[in-house]
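Heads up: the structure comes next, in structure tokens.
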2 protein chains.
Amino acid sequence: MSAKARPTYSAIAKAAGVSEATVSRVLNNDERVNPERTAAVMKAVEELGYRRHRAATALASGRTGLIAVVIDDDLSVFSDPFWGTVTSGISRVLMENHLQTVLMVTSVNSVDGPVAHYLEGREVDGAIFFQLHKDALVRKLAKQGLPIVITGSPHTDTDLYFVDTDNFGGGYAATKHLMSRGCKKVAIITGDIETTAGHQRLDGYNQVYREFGRVPNKSLIRQGDYSYESGQVQMEHLLAEHPDVDAVFACNDLMALGAIAAIEAAGKSVPDDVAVIGFDDSVSSRTSRPQLSTIRQDITALGEAAAELMIAQLNGEPVESRIMPVELVLRESA
Amino acid sequence: MSAKARPTYSAIAKAAGVSEATVSRVLNNDERVNPERTAAVMKAVEELGYRRHRAATALASGRTGLIAVVIDDDLSVFSDPFWGTVTSGISRVLMENHLQTVLMVTSVNSVDGPVAHYLEGREVDGAIFFQLHKDALVRKLAKQGLPIVITGSPHTDTDLYFVDTDNFGGGYAATKHLMSRGCKKVAIITGDIETTAGHQRLDGYNQVYREFGRVPNKSLIRQGDYSYESGQVQMEHLLAEHPDVDAVFACNDLMALGAIAAIEAAGKSVPDDVAVIGFDDSVSSRTSRPQLSTIRQDITALGEAAAELMIAQLNGEPVESRIMPVELVLRESA
DNA sequence: TATCATTGTGAAATCGGTTTCACGCCTCGG
DNA sequence: CCGAGGCGTGAAACCGATTTCACAATGATA
């Protein structure tokens with residue numbers, strides 16, 4: 001009674017009375033196999049409980065069945081639930097397509113680091129990058145023919161495929177709502193303006209002003225860094241310079257919460273004196289008081305889209321970058 | 001000018017004037033190779049820029065160089081920054097040991113689902129599980145000899161290796177602080193009592209009462225479910241039944257925030273009328289007002305410990321489950 | 001009817017390492 | 001001086017799939 005060893009092609013071929021080559025053809029959906037033999041192989045596969053040996057397939061075919069998800073940890077982005085959620089969307093779609101997700105949390109900036117070696121070594125079939133800051137490595141890999149998808153907009157204009165949130169639309173919707181609400185002096189606390197996302201949200205803000213035939217006062221545009229503290233201090237500056245400011249669009253929820261703290265510390269109330277809108281629809285936007293109005297993005301869908309772009313590339317199908325829609329969620333703060 | 005093809009053993013063997021077997025020995029640190037040949041091989045490896053072909057190694061040796069991290073998505077735990085942080089700790093340590101992290105966000109409860117097939121197929125060298133609810137699959141895999149580490153305590157008493165936060169110690173420290181502060185009527189809002197973690201925190205709470213020679217009133221022990229809302233309603237019940245309750249230990253920050261909302265809604269103040277301590281040291285614990293006193297765990301360290309246990313198992317070294325220390329962080333709420 | 005394509009199939013080579021096995025050489029004990 | 005034992009080494013088998021290539025059978029064409 002030997003332990004049931006894992007069946008291989010050889011066993012299936014024997015059981016089905018065909019050659020191993022035919023087994024391979026059937027299992028890879030080669031059309032040209034006689035239906036009867038196909039059926040025989042399928043039956044044998046079923047009965048023996050055959051399962052592909054990934055390593056053997058990888059060696060012979062060059063396809064590893066693995067997709068890397070590369071996260072730049074210089075930003076410790078992974079402690080942000082945002083990335084966890086994106087990743088789970090990616091993972092789900094990949095798994096449905098019989099691909100596995102290899103997670104690499106690391107500093108990606110080096111064109112010659114361990115990650116670079118790993119990816120260049122063709123140990124994965126493709127790579128999905130998060131939040132790129134330098135794209136030298138990515139360009140290099142792309143040139144070598146490695147399928148790539150970027151989550152978040154690429155740093156520069158480029159021909160790389162990407163999926164991103166509609167940052168412009170979010171900035172536009174938030175600002176438009178504040179204006180339509182009757183606010184006269186709408187400020188913005190931006191995030192890192194170096195990033196495309198940061199810039200696009202600001203562009204949306206400016207666009208609303210333009211449509212209203214106005215130009216925002218330069219000093220209504222304050223640069224934060226996505227932290228609670230920066231929201232707080234920038235709001236303090238705003239209140240000092242513009243005591244009559246009556247609305248703020250903060251480019252993420254954390255800064256919005258900081259801003260609210262500053263507003264209330266100044267003895268004013270939200271939203272009556274100053275309306276506030278954040279961005280992200282994070283958990284704290286629901287638990288804060290007042291509850292925060294914010295821009296919601298379907299984060300899981302973003303991940304799923306990234307995975308779909310990757311799969312399309314692998315299949316040689318036409319691929320197009322995607323911008324995912326956002327939604328204004330109105331709660332108490334605006 | 002052909003593109004420089006990836007060098008293989010054959011190239012190195014030729015360059016170093018030895019056989020492929022010897023190359024393999026050198027690269028796998030086989031002691032018995034003549035130092036001169038070792039040097040020659042190393043030199044050739046260096047000069048040709050050789051890099052191992054993962055699939056070939058996997059096929060021949062059976063070691064894939066991959067460790068699965070399995071996350072039960074029934075709980076959508078991955079949108080909790082906690083798990084992202086743990087994962088990044090795991091990933092870092094594994095990568096240092098030339099192992100890659102394969103992420104599987106999925107429903108693990110089935111002993112016969114795709115995850116089960118994947119893991120049973122030996123496509124990874126080991127698996128790290130998060131937040132187990134049913135351990136049938138894990139036990140089955142362990143029986144098959146797959147190295148396993150559980151992050152969070154296993155469901156039942158077991159011989160499986162695990163790493164966990166000192167839940168008991170956290171519950172103890174929080175409650176002890178509240179008592180020492182002079183609070184007479186310290187309540188607890190527990191999380192899911194079915195989980196080991198939930199139970200252990202409660203045990204810590206009970207232990208303090210015991211040490212003070214007291215027994216907590218049954219109705220001071222309220223069961224929540226880790227959600228903001230549950231913290232809120234349980235606190236309302238507490239205030240109704242015990243108008244003189246003067247402290248609450250909530251088993252996570254979210255419930256603590258809900259409790260604070262309920263306390264303030266009842267016209268009482270935190271911490272003067274009722275002191276509150278949470279658990280997790282989440283971001284919102286710092287941004288809430290009043291800032292939340294809480295129990296901090298070193299989450300990255302937890303992940304690193306999990307990875308280390310895995311590596312020890314792979315190396316056949318002695319392995320011991322680990323309980324990671326926690327720290328009481330005092331802010332404004334207690 | 002003779003010839004050329006086309007189609008389905010299996011034998012065998014291949015992917016790039018690891019591991020077994022046998023052999024030659026050297027040392028040591030009797 | 002002979003045989004046993006140990007050590008370093010290379011040839012070759014092996015891991016489990018994929019893919020090339022040759023060949024036989026069939027159908028189409030002239």
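Naming works like this for the structure tokens: A, B, ... for the chains as they're shown, residue 1 at the start of each chain, ligands 1 onward in shown order.
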
_At a cut-off of 6 Å, using only C-alpha atoms (C1' of nucleotides), what residues contact segment 226-240 of chain A? Leave out same-chain residues fewer than 4 positions from it and give the result as JSON, numbers by chain._
{"A": [191, 254, 255, 258, 259, 262]}

Those same residues - all heavy atoms - I'd like them written as a CSV table (one decimal), in the first residue's frame.
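Output (selection37.csv):
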```csv
chain,number,residue,atom,x,y,z
A,191,GLY,N,-2.2,67.2,-1.3
A,191,GLY,CA,-1.3,66.3,-0.8
A,191,GLY,C,0.0,66.6,-1.5
A,191,GLY,O,0.3,67.7,-2.0
A,254,LEU,N,-7.5,62.1,6.2
A,254,LEU,CA,-6.7,62.3,7.4
A,254,LEU,C,-6.4,63.9,7.5
A,254,LEU,O,-6.6,64.4,8.6
A,254,LEU,CB,-5.3,61.6,7.2
A,254,LEU,CG,-4.7,61.0,8.5
A,254,LEU,CD1,-5.8,60.2,9.2
A,254,LEU,CD2,-3.6,60.1,8.1
A,255,MET,N,-6.1,64.5,6.4
A,255,MET,CA,-5.9,66.0,6.5
A,255,MET,C,-7.2,66.7,6.8
A,255,MET,O,-7.2,67.7,7.4
A,255,MET,CB,-5.3,66.4,5.1
A,255,MET,CG,-3.9,66.0,4.9
A,255,MET,SD,-3.0,66.9,3.6
A,255,MET,CE,-4.0,66.5,2.2
A,258,GLY,N,-7.7,66.6,10.4
A,258,GLY,CA,-6.8,67.6,11.0
A,258,GLY,C,-7.4,69.0,10.8
A,258,GLY,O,-7.3,69.8,11.8
A,259,ALA,N,-7.9,69.3,9.7
A,259,ALA,CA,-8.5,70.6,9.4
A,259,ALA,C,-9.6,70.9,10.3
A,259,ALA,O,-9.8,71.9,10.9
A,259,ALA,CB,-8.9,70.7,7.9
A,262,ALA,N,-8.6,71.9,13.7
A,262,ALA,CA,-8.1,73.3,13.7
A,262,ALA,C,-9.3,74.3,13.7
A,262,ALA,O,-9.3,75.3,14.4
A,262,ALA,CB,-7.2,73.5,12.5
```

Which residues of chain C have any atom within 7 Å of an atom in chain A when counting only C-alpha atoms (C1' of nucleotides), and what is the closest pair of atoms for each, with the distance in Å to one decimal? Order the rows by chain and rising number and write it as JSON lines.
```
{"residue": "C:DG8", "atom": "C1'", "partner": "A:Val33", "partner_atom": "CA", "distance": 6.6}
{"residue": "C:DG10", "atom": "C1'", "partner": "A:Ser19", "partner_atom": "CA", "distance": 5.9}
{"residue": "C:DC15", "atom": "C1'", "partner": "A:Ala60", "partner_atom": "CA", "distance": 4.8}
```

*Within 9 Å of chain B, which residues of chain A show up when using only C-alpha atoms, listed as a VMD selection string?*
chain A and resid 6 51 to 60 62 64 66 68 73 76 78 to 89 91 to 92 95 100 to 106 114 117 121 to 123 228 254 257 to 258 261 283 to 284 287 to 289

*Using only C-alpha atoms (C1' of nucleotides), which chain D residues lie at most 12 Å away from chain A, written as a list of chain:residue names?*
D:DC15, D:DG16, D:DA17, D:DT18, D:DT19, D:DT20

*Those of segment 67-211 of chain A in DSSP alpha helix (DSSP H), formatted as a VMD selection string*: chain A and resid 81 to 96 114 to 120 136 to 143 167 to 180 196 to 211

_So that I can check the surroundings of Lys185 of chain A, please list as a PyMOL selection string every protein, DNA and RNA residue that reaches within 12 Å of it, counting only C-alpha atoms (C1' of nucleotides) and ignoring chain neighbours fewer than 5 positions away._
chain A and resi 175+178-180+209+214-221+238-239+242-249+273-275

Print the selection's residues with N, CA and C atoms to a file, as a PDB file, in the first residue's frame.
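The result, written out as part-v5.pdb:
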```pdb
ATOM      1  N   THR A 175     -15.138  70.137  -5.081  1.00  0.00           N
ATOM      2  CA  THR A 175     -15.128  71.603  -5.154  1.00  0.00           C
ATOM      3  C   THR A 175     -16.459  72.133  -5.673  1.00  0.00           C
ATOM      4  N   LEU A 178     -19.057  72.176  -3.020  1.00  0.00           N
ATOM      5  CA  LEU A 178     -18.856  73.255  -2.051  1.00  0.00           C
ATOM      6  C   LEU A 178     -19.319  74.593  -2.630  1.00  0.00           C
ATOM      7  N   MET A 179     -18.965  74.801  -3.886  1.00  0.00           N
ATOM      8  CA  MET A 179     -19.364  76.044  -4.557  1.00  0.00           C
ATOM      9  C   MET A 179     -20.896  76.106  -4.674  1.00  0.00           C
ATOM     10  N   SER A 180     -21.477  75.018  -5.124  1.00  0.00           N
ATOM     11  CA  SER A 180     -22.922  74.990  -5.357  1.00  0.00           C
ATOM     12  C   SER A 180     -23.698  75.177  -4.056  1.00  0.00           C
ATOM     13  N   TYR A 209     -13.285  76.461 -10.334  1.00  0.00           N
ATOM     14  CA  TYR A 209     -13.149  77.924 -10.246  1.00  0.00           C
ATOM     15  C   TYR A 209     -13.281  78.534 -11.632  1.00  0.00           C
ATOM     16  N   ARG A 214     -13.990  82.336 -12.037  1.00  0.00           N
ATOM     17  CA  ARG A 214     -13.171  82.949 -11.006  1.00  0.00           C
ATOM     18  C   ARG A 214     -11.766  82.352 -11.000  1.00  0.00           C
ATOM     19  N   VAL A 215     -10.901  82.999 -10.288  1.00  0.00           N
ATOM     20  CA  VAL A 215      -9.542  82.479 -10.128  1.00  0.00           C
ATOM     21  C   VAL A 215      -9.272  82.356  -8.640  1.00  0.00           C
ATOM     22  N   PRO A 216      -8.861  81.169  -8.180  1.00  0.00           N
ATOM     23  CA  PRO A 216      -8.636  81.036  -6.743  1.00  0.00           C
ATOM     24  C   PRO A 216      -7.434  81.860  -6.306  1.00  0.00           C
ATOM     25  N   ASN A 217      -7.581  82.489  -5.183  1.00  0.00           N
ATOM     26  CA  ASN A 217      -6.474  83.198  -4.578  1.00  0.00           C
ATOM     27  C   ASN A 217      -5.351  82.178  -4.306  1.00  0.00           C
ATOM     28  N   LYS A 218      -4.155  82.526  -4.691  1.00  0.00           N
ATOM     29  CA  LYS A 218      -3.019  81.606  -4.511  1.00  0.00           C
ATOM     30  C   LYS A 218      -2.912  81.097  -3.078  1.00  0.00           C
ATOM     31  N   SER A 219      -3.196  81.974  -2.144  1.00  0.00           N
ATOM     32  CA  SER A 219      -2.988  81.566  -0.752  1.00  0.00           C
ATOM     33  C   SER A 219      -4.128  80.705  -0.216  1.00  0.00           C
ATOM     34  N   LEU A 220      -5.122  80.415  -1.077  1.00  0.00           N
ATOM     35  CA  LEU A 220      -6.158  79.458  -0.676  1.00  0.00           C
ATOM     36  C   LEU A 220      -5.702  78.046  -1.001  1.00  0.00           C
ATOM     37  N   ILE A 221      -4.617  77.966  -1.714  1.00  0.00           N
ATOM     38  CA  ILE A 221      -4.075  76.651  -2.091  1.00  0.00           C
ATOM     39  C   ILE A 221      -2.889  76.333  -1.199  1.00  0.00           C
ATOM     40  N   LEU A 238      -4.647  78.946   7.021  1.00  0.00           N
ATOM     41  CA  LEU A 238      -5.773  79.436   6.240  1.00  0.00           C
ATOM     42  C   LEU A 238      -6.662  80.358   7.069  1.00  0.00           C
ATOM     43  N   LEU A 239      -6.994  79.896   8.265  1.00  0.00           N
ATOM     44  CA  LEU A 239      -7.879  80.685   9.130  1.00  0.00           C
ATOM     45  C   LEU A 239      -7.239  82.015   9.502  1.00  0.00           C
ATOM     46  N   HIS A 242      -7.200  84.021   6.055  1.00  0.00           N
ATOM     47  CA  HIS A 242      -8.533  84.257   5.501  1.00  0.00           C
ATOM     48  C   HIS A 242      -9.594  83.920   6.536  1.00  0.00           C
ATOM     49  N   PRO A 243      -9.861  84.827   7.439  1.00  0.00           N
ATOM     50  CA  PRO A 243     -10.841  84.538   8.496  1.00  0.00           C
ATOM     51  C   PRO A 243     -12.215  84.217   7.907  1.00  0.00           C
ATOM     52  N   ASP A 244     -12.430  84.601   6.675  1.00  0.00           N
ATOM     53  CA  ASP A 244     -13.747  84.372   6.089  1.00  0.00           C
ATOM     54  C   ASP A 244     -13.792  83.136   5.192  1.00  0.00           C
ATOM     55  N   VAL A 245     -12.758  82.295   5.251  1.00  0.00           N
ATOM     56  CA  VAL A 245     -12.786  81.063   4.437  1.00  0.00           C
ATOM     57  C   VAL A 245     -13.991  80.241   4.889  1.00  0.00           C
ATOM     58  N   ASP A 246     -14.782  79.739   3.942  1.00  0.00           N
ATOM     59  CA  ASP A 246     -15.999  79.026   4.356  1.00  0.00           C
ATOM     60  C   ASP A 246     -16.080  77.589   3.837  1.00  0.00           C
ATOM     61  N   ALA A 247     -15.025  77.122   3.211  1.00  0.00           N
ATOM     62  CA  ALA A 247     -15.010  75.725   2.774  1.00  0.00           C
ATOM     63  C   ALA A 247     -13.586  75.269   2.483  1.00  0.00           C
ATOM     64  N   VAL A 248     -13.340  73.972   2.711  1.00  0.00           N
ATOM     65  CA  VAL A 248     -12.026  73.398   2.410  1.00  0.00           C
ATOM     66  C   VAL A 248     -12.196  72.028   1.784  1.00  0.00           C
ATOM     67  N   PHE A 249     -11.475  71.818   0.725  1.00  0.00           N
ATOM     68  CA  PHE A 249     -11.385  70.471   0.166  1.00  0.00           C
ATOM     69  C   PHE A 249     -10.001  69.960   0.536  1.00  0.00           C
ATOM     70  N   ASP A 273     -19.779  77.067   9.765  1.00  0.00           N
ATOM     71  CA  ASP A 273     -18.848  78.135   9.437  1.00  0.00           C
ATOM     72  C   ASP A 273     -17.930  77.746   8.282  1.00  0.00           C
ATOM     73  N   VAL A 274     -17.426  76.553   8.388  1.00  0.00           N
ATOM     74  CA  VAL A 274     -16.542  76.062   7.329  1.00  0.00           C
ATOM     75  C   VAL A 274     -16.954  74.642   6.950  1.00  0.00           C
ATOM     76  N   ALA A 275     -17.259  74.430   5.687  1.00  0.00           N
ATOM     77  CA  ALA A 275     -17.599  73.090   5.216  1.00  0.00           C
ATOM     78  C   ALA A 275     -16.315  72.363   4.833  1.00  0.00           C
TER      79      ALA A 275
END
```

*Polymer residues at most 8 Å from Gln131 of chain B, only C-alpha atoms (C1' of nucleotides), same-chain spacing of 2 or more positions, as a VMD selection string*: chain B and resid 71 to 72 129 133 150 to 153

Just write the chosen residues, C-alpha atoms, as a short mmCIF file (atom, residue, chain, number, x, y, z; two decimals), in the first residue's frame.
```
data_model
loop_
_atom_site.label_atom_id
_atom_site.label_comp_id
_atom_site.auth_asym_id
_atom_site.auth_seq_id
_atom_site.Cartn_x
_atom_site.Cartn_y
_atom_site.Cartn_z
CA ILE B 71 -5.89 35.40 4.37
CA ASP B 72 -9.48 34.55 5.03
CA PHE B 129 -2.29 31.53 7.86
CA HIS B 133 -11.70 30.25 11.90
CA ILE B 150 -0.44 30.58 12.22
CA THR B 151 -0.60 34.28 12.91
CA GLY B 152 -3.00 34.72 15.78
CA SER B 153 -3.71 31.82 18.07
#
```

*What's the 7 Å shell around Phe168 of chain A, counting only C-alpha atoms (C1' of nucleotides), without same-chain residues fewer than 3 positions away, as a list of chain:residue names?*
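Here the qualifying residues turn out to be A:Gly171, A:Tyr172, A:Gln200, A:Arg201, A:Asp203, A:Gly204.
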
Print the selection's residues with N, CA, C and O atoms to a file, as an mmCIF file, in the first residue's frame.
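Final file, part07.cif:
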```cif
data_model
loop_
_atom_site.group_PDB
_atom_site.id
_atom_site.type_symbol
_atom_site.label_atom_id
_atom_site.label_comp_id
_atom_site.auth_asym_id
_atom_site.auth_seq_id
_atom_site.Cartn_x
_atom_site.Cartn_y
_atom_site.Cartn_z
ATOM 1 N N GLY A 171 -11.620 65.764 -7.402
ATOM 2 C CA GLY A 171 -11.350 67.142 -7.002
ATOM 3 C C GLY A 171 -12.439 68.062 -7.540
ATOM 4 O O GLY A 171 -12.912 68.976 -6.848
ATOM 5 N N TYR A 172 -12.865 67.764 -8.743
ATOM 6 C CA TYR A 172 -13.896 68.567 -9.380
ATOM 7 C C TYR A 172 -15.220 68.435 -8.625
ATOM 8 O O TYR A 172 -15.842 69.438 -8.263
ATOM 9 N N GLN A 200 -3.591 66.075 -10.007
ATOM 10 C CA GLN A 200 -4.873 65.967 -10.688
ATOM 11 C C GLN A 200 -6.027 66.449 -9.812
ATOM 12 O O GLN A 200 -6.980 67.064 -10.297
ATOM 13 N N ARG A 201 -5.930 66.178 -8.498
ATOM 14 C CA ARG A 201 -7.004 66.629 -7.613
ATOM 15 C C ARG A 201 -7.045 68.158 -7.587
ATOM 16 O O ARG A 201 -8.118 68.766 -7.601
ATOM 17 N N ASP A 203 -6.040 70.060 -10.022
ATOM 18 C CA ASP A 203 -6.548 70.484 -11.330
ATOM 19 C C ASP A 203 -8.068 70.511 -11.339
ATOM 20 O O ASP A 203 -8.688 71.408 -11.913
ATOM 21 N N GLY A 204 -8.665 69.500 -10.709
ATOM 22 C CA GLY A 204 -10.128 69.453 -10.640
ATOM 23 C C GLY A 204 -10.671 70.667 -9.895
ATOM 24 O O GLY A 204 -11.660 71.282 -10.305
#
```

_Residue list (strand (DSSP E), DSSP) for segment 96-155 of chain B, as a list in words_ =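 Filtering segment 96-155 of chain B down to strand (DSSP E) leaves Gln100, Thr101, Val102, Leu103, Met104, Val105, Thr106, Gly126, Ala127, Ile128, Phe129, Phe130, Ile148, Val149, Ile150 and Thr151 of chain B.
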
Create the file for the chosen residues now, containing N, CA and C atoms and written as a CSV table (one decimal), in the first residue's frame.
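Output file again_29.csv follows:
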```csv
chain,number,residue,atom,x,y,z
B,100,GLN,N,10.0,34.1,-1.6
B,100,GLN,CA,9.0,35.0,-2.0
B,100,GLN,C,7.6,34.7,-1.4
B,101,THR,N,6.8,35.8,-1.2
B,101,THR,CA,5.6,35.7,-0.6
B,101,THR,C,4.4,35.6,-1.6
B,102,VAL,N,3.7,34.5,-1.5
B,102,VAL,CA,2.6,34.3,-2.4
B,102,VAL,C,1.3,34.6,-1.6
B,103,LEU,N,0.6,35.6,-2.1
B,103,LEU,CA,-0.6,36.1,-1.3
B,103,LEU,C,-1.8,35.5,-1.8
B,104,MET,N,-2.6,34.9,-0.9
B,104,MET,CA,-3.9,34.3,-1.3
B,104,MET,C,-5.0,34.9,-0.4
B,105,VAL,N,-5.8,35.8,-1.0
B,105,VAL,CA,-6.9,36.3,-0.3
B,105,VAL,C,-8.1,35.5,-0.7
B,106,THR,N,-8.7,34.8,0.2
B,106,THR,CA,-9.7,33.9,-0.3
B,106,THR,C,-10.4,33.3,0.9
B,126,GLY,N,5.7,26.3,2.1
B,126,GLY,CA,5.1,26.5,3.4
B,126,GLY,C,4.0,27.5,3.3
B,127,ALA,N,3.2,27.5,4.4
B,127,ALA,CA,2.1,28.5,4.4
B,127,ALA,C,1.9,29.1,5.7
B,128,ILE,N,1.6,30.4,5.7
B,128,ILE,CA,1.4,31.2,6.9
B,128,ILE,C,-0.1,31.6,6.8
B,129,PHE,N,-0.9,31.2,7.9
B,129,PHE,CA,-2.3,31.5,7.9
B,129,PHE,C,-2.6,32.7,8.8
B,130,PHE,N,-3.6,33.5,8.4
B,130,PHE,CA,-4.0,34.6,9.2
B,130,PHE,C,-5.4,34.3,9.7
B,148,ILE,N,3.9,25.0,8.5
B,148,ILE,CA,2.8,25.9,8.7
B,148,ILE,C,3.0,26.8,9.9
B,149,VAL,N,2.7,28.1,9.7
B,149,VAL,CA,2.7,29.0,10.9
B,149,VAL,C,1.4,29.7,10.9
B,150,ILE,N,0.8,29.9,12.1
B,150,ILE,CA,-0.4,30.6,12.2
B,150,ILE,C,-0.2,31.9,12.9
B,151,THR,N,-0.7,33.0,12.3
B,151,THR,CA,-0.6,34.3,12.9
B,151,THR,C,-1.9,34.5,13.6
```

*Looking at C:DT9, C:DT27, C:DT20, C:DT14, which one is nearest to DA24 of chain D, with distances taken over only C-alpha atoms (C1' of nucleotides)?*
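Looking at the shortest contact to DA24 of chain D, the residue is C:DT9.
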
*Can you tell me how far atom CA of Pro35 of chain B sits from atom C1' of DA13 of chain D, in Å to one decimal?*
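A separation of 27.3 Å between them.
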
Neighbour list for DC4 of chain C as a PDB file with N, CA and C atoms (P, O5', C5', C4', C3', O3' and C1' of nucleotides), in the first residue's frame, cut-off 10 Å, only C-alpha atoms (C1' of nucleotides), skip fewer than 5 positions in-chain:
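Saved as part25.pdb:
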```pdb
ATOM      1  P    DA D  28     -12.156  15.980 -49.140  1.00  0.00           P
ATOM      2  O5'  DA D  28     -11.047  16.680 -50.043  1.00  0.00           O
ATOM      3  C5'  DA D  28     -10.204  17.681 -49.457  1.00  0.00           C
ATOM      4  C4'  DA D  28      -9.200  18.154 -50.497  1.00  0.00           C
ATOM      5  C3'  DA D  28      -9.832  18.538 -51.841  1.00  0.00           C
ATOM      6  O3'  DA D  28      -9.194  19.715 -52.328  1.00  0.00           O
ATOM      7  C1'  DA D  28      -8.220  16.840 -52.183  1.00  0.00           C
ATOM      8  P    DT D  29      -9.768  20.419 -53.628  1.00  0.00           P
ATOM      9  O5'  DT D  29      -8.676  20.028 -54.694  1.00  0.00           O
ATOM     10  C5'  DT D  29      -7.301  20.381 -54.471  1.00  0.00           C
ATOM     11  C4'  DT D  29      -6.470  19.819 -55.599  1.00  0.00           C
ATOM     12  C3'  DT D  29      -7.044  20.085 -56.992  1.00  0.00           C
ATOM     13  O3'  DT D  29      -6.078  20.769 -57.783  1.00  0.00           O
ATOM     14  C1'  DT D  29      -6.426  17.802 -56.747  1.00  0.00           C
ATOM     15  P    DA D  30      -6.526  21.274 -59.236  1.00  0.00           P
ATOM     16  O5'  DA D  30      -5.716  20.235 -60.123  1.00  0.00           O
ATOM     17  C5'  DA D  30      -4.289  20.088 -59.935  1.00  0.00           C
ATOM     18  C4'  DA D  30      -3.823  18.959 -60.820  1.00  0.00           C
ATOM     19  C3'  DA D  30      -4.277  19.057 -62.288  1.00  0.00           C
ATOM     20  O3'  DA D  30      -3.224  18.693 -63.156  1.00  0.00           O
ATOM     21  C1'  DA D  30      -5.001  17.005 -61.391  1.00  0.00           C
TER      22       DA D  30
END
```

*Please indicate the distance in Å from atom CA of Gly316 of chain B to atom CA of Tyr161 of chain B, rounded to one decimal place.*
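Value for the atom CA of Gly316 of chain B-atom CA of Tyr161 of chain B distance: 13.5 Å.
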
*Name the residues in contact with Met42 of chain B at a cut-off of 9 Å, using only C-alpha atoms (C1' of nucleotides), excluding same-chain residues fewer than 5 positions from it; report them as a list in words.*
Ala16, Val23, Val26, Leu27, Arg37 and Glu47 of chain B

*Determine the nearest neighbour of Glu194 of chain B from the options B:Gly213, B:Leu132, B:Ala5, B:Val208, counting only C-alpha atoms.*
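Among B:Gly213, B:Leu132, B:Ala5, B:Val208, it is B:Leu132 that comes nearest to Glu194 of chain B.
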
*asked:* As an exercise, work out the distance from atom CA of Leu328 of chain B to atom CA of Val93 of chain B in Å and give it to one decimal place.
replied: 26.8 Å

_Given only C-alpha atoms (C1' of nucleotides) as the counted atoms, nearest of D:DC14, D:DC21, D:DC2, D:DC7 to DA13 of chain C_ = D:DC21
